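Participant: Next up is a structure, given as structure tokens.
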Amino acid sequence: MKTFEKFGDEKSAIQKAMVKVHVNDGFGRVQDLAKQAFAAIAEGDILRTQLSALKKLTRFEPVNTVALRREIADSVIKIGRYPF
């Protein structure tokens, strides 16, 4: 960690980028698993109602993960190891 301490704010920026990528990637998986669960416990109109509610609850604006991953990779290359 001492190698990274000299970068200060850059460390928190990379951590934020990693969290954004992780949450963005995981959100779709959570949504898919919820759909599978609803399909296993309901059908017909009830299933459609639950899926409609799920769609409203899981609405989110995706982030540019390509740019964030490049930023993370540049940081890792800069310090020459995994930063955390």
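Chains: A, B, ... in order of the structure tokens. Residues: from 1 per chain. Ligands: from 1, in order shown.
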Excluding A:Phe60 and any residue of its chain fewer than 6 positions from it, enumerate the residues within 12 Å of it, using only C-alpha atoms, and give them as a compact mmCIF listing (two decimals) with N, CA and C atoms, in the first residue's frame.
Facilitator:
# COMPACT_ATOMS: atom_id res chain seq x y z
N VAL A 23 -20.75 -2.64 -9.73
CA VAL A 23 -22.20 -2.47 -9.56
C VAL A 23 -22.91 -2.53 -10.91
N ASN A 24 -22.35 -1.86 -11.91
CA ASN A 24 -22.95 -1.86 -13.24
C ASN A 24 -23.04 -3.29 -13.80
N ASP A 25 -21.96 -4.06 -13.65
CA ASP A 25 -21.95 -5.44 -14.14
C ASP A 25 -22.88 -6.34 -13.34
N PHE A 27 -25.62 -5.48 -11.68
CA PHE A 27 -27.02 -5.10 -11.72
C PHE A 27 -27.82 -5.98 -12.68
N GLY A 28 -27.28 -6.24 -13.83
CA GLY A 28 -27.97 -7.10 -14.80
C GLY A 28 -28.15 -8.52 -14.28
N GLN A 31 -30.97 -8.54 -11.75
CA GLN A 31 -32.25 -8.44 -12.44
C GLN A 31 -32.64 -9.79 -13.06
N LEU A 54 -40.68 -5.08 -11.07
CA LEU A 54 -39.22 -5.27 -11.10
C LEU A 54 -38.58 -4.32 -12.10
Participant: As a PyMOL selection string, which residues of chain A does DSSP assign to helix (DSSP H, G or I)?
Facilitator: chain A and resi 2-5+9-41+44-57+65-79
Participant: For each of A:Ile72, A:Ile41, A:Ile77, A:Ala34, take the minimum atom-to-atom distance to A:Ile14, counting only C-alpha atoms, then give the residue where this is smallest.
Facilitator: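 The shortest atom-to-atom distance to A:Ile14 comes from A:Ile72.
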Participant: For each of A:Phe84, A:Leu51, A:His22, A:Asp74, take the minimum atom-to-atom distance to A:Gln36, counting only C-alpha atoms, then give the residue where this is smallest.
Facilitator: A:Leu51
Participant: At what distance in Å, to one decimal, does atom CA of A:Thr49 lie from atom CA of A:Lys20?
Facilitator: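 For atom CA of A:Lys20 relative to atom CA of A:Thr49, the distance reads 29.9 Å.
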Participant: What is the atom CA of A:Leu33-atom CA of A:Glu71 distance in Å, reported with one decimal?
Facilitator: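 These two atoms are separated by 29.8 Å.
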Participant: Quote the spacing between atom CA of A:Thr58 and atom CA of A:Gly26 in Å to one decimal place.
Facilitator: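 Here the two named atoms are 11.8 Å from each other.
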Participant: Using only C-alpha atoms for the distances, tell me which of A:Asn64, A:Lys35, A:Ala53, A:Gln15 is nearest to A:Tyr82.
Facilitator: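 Smallest distance to A:Tyr82 is found for A:Gln15.
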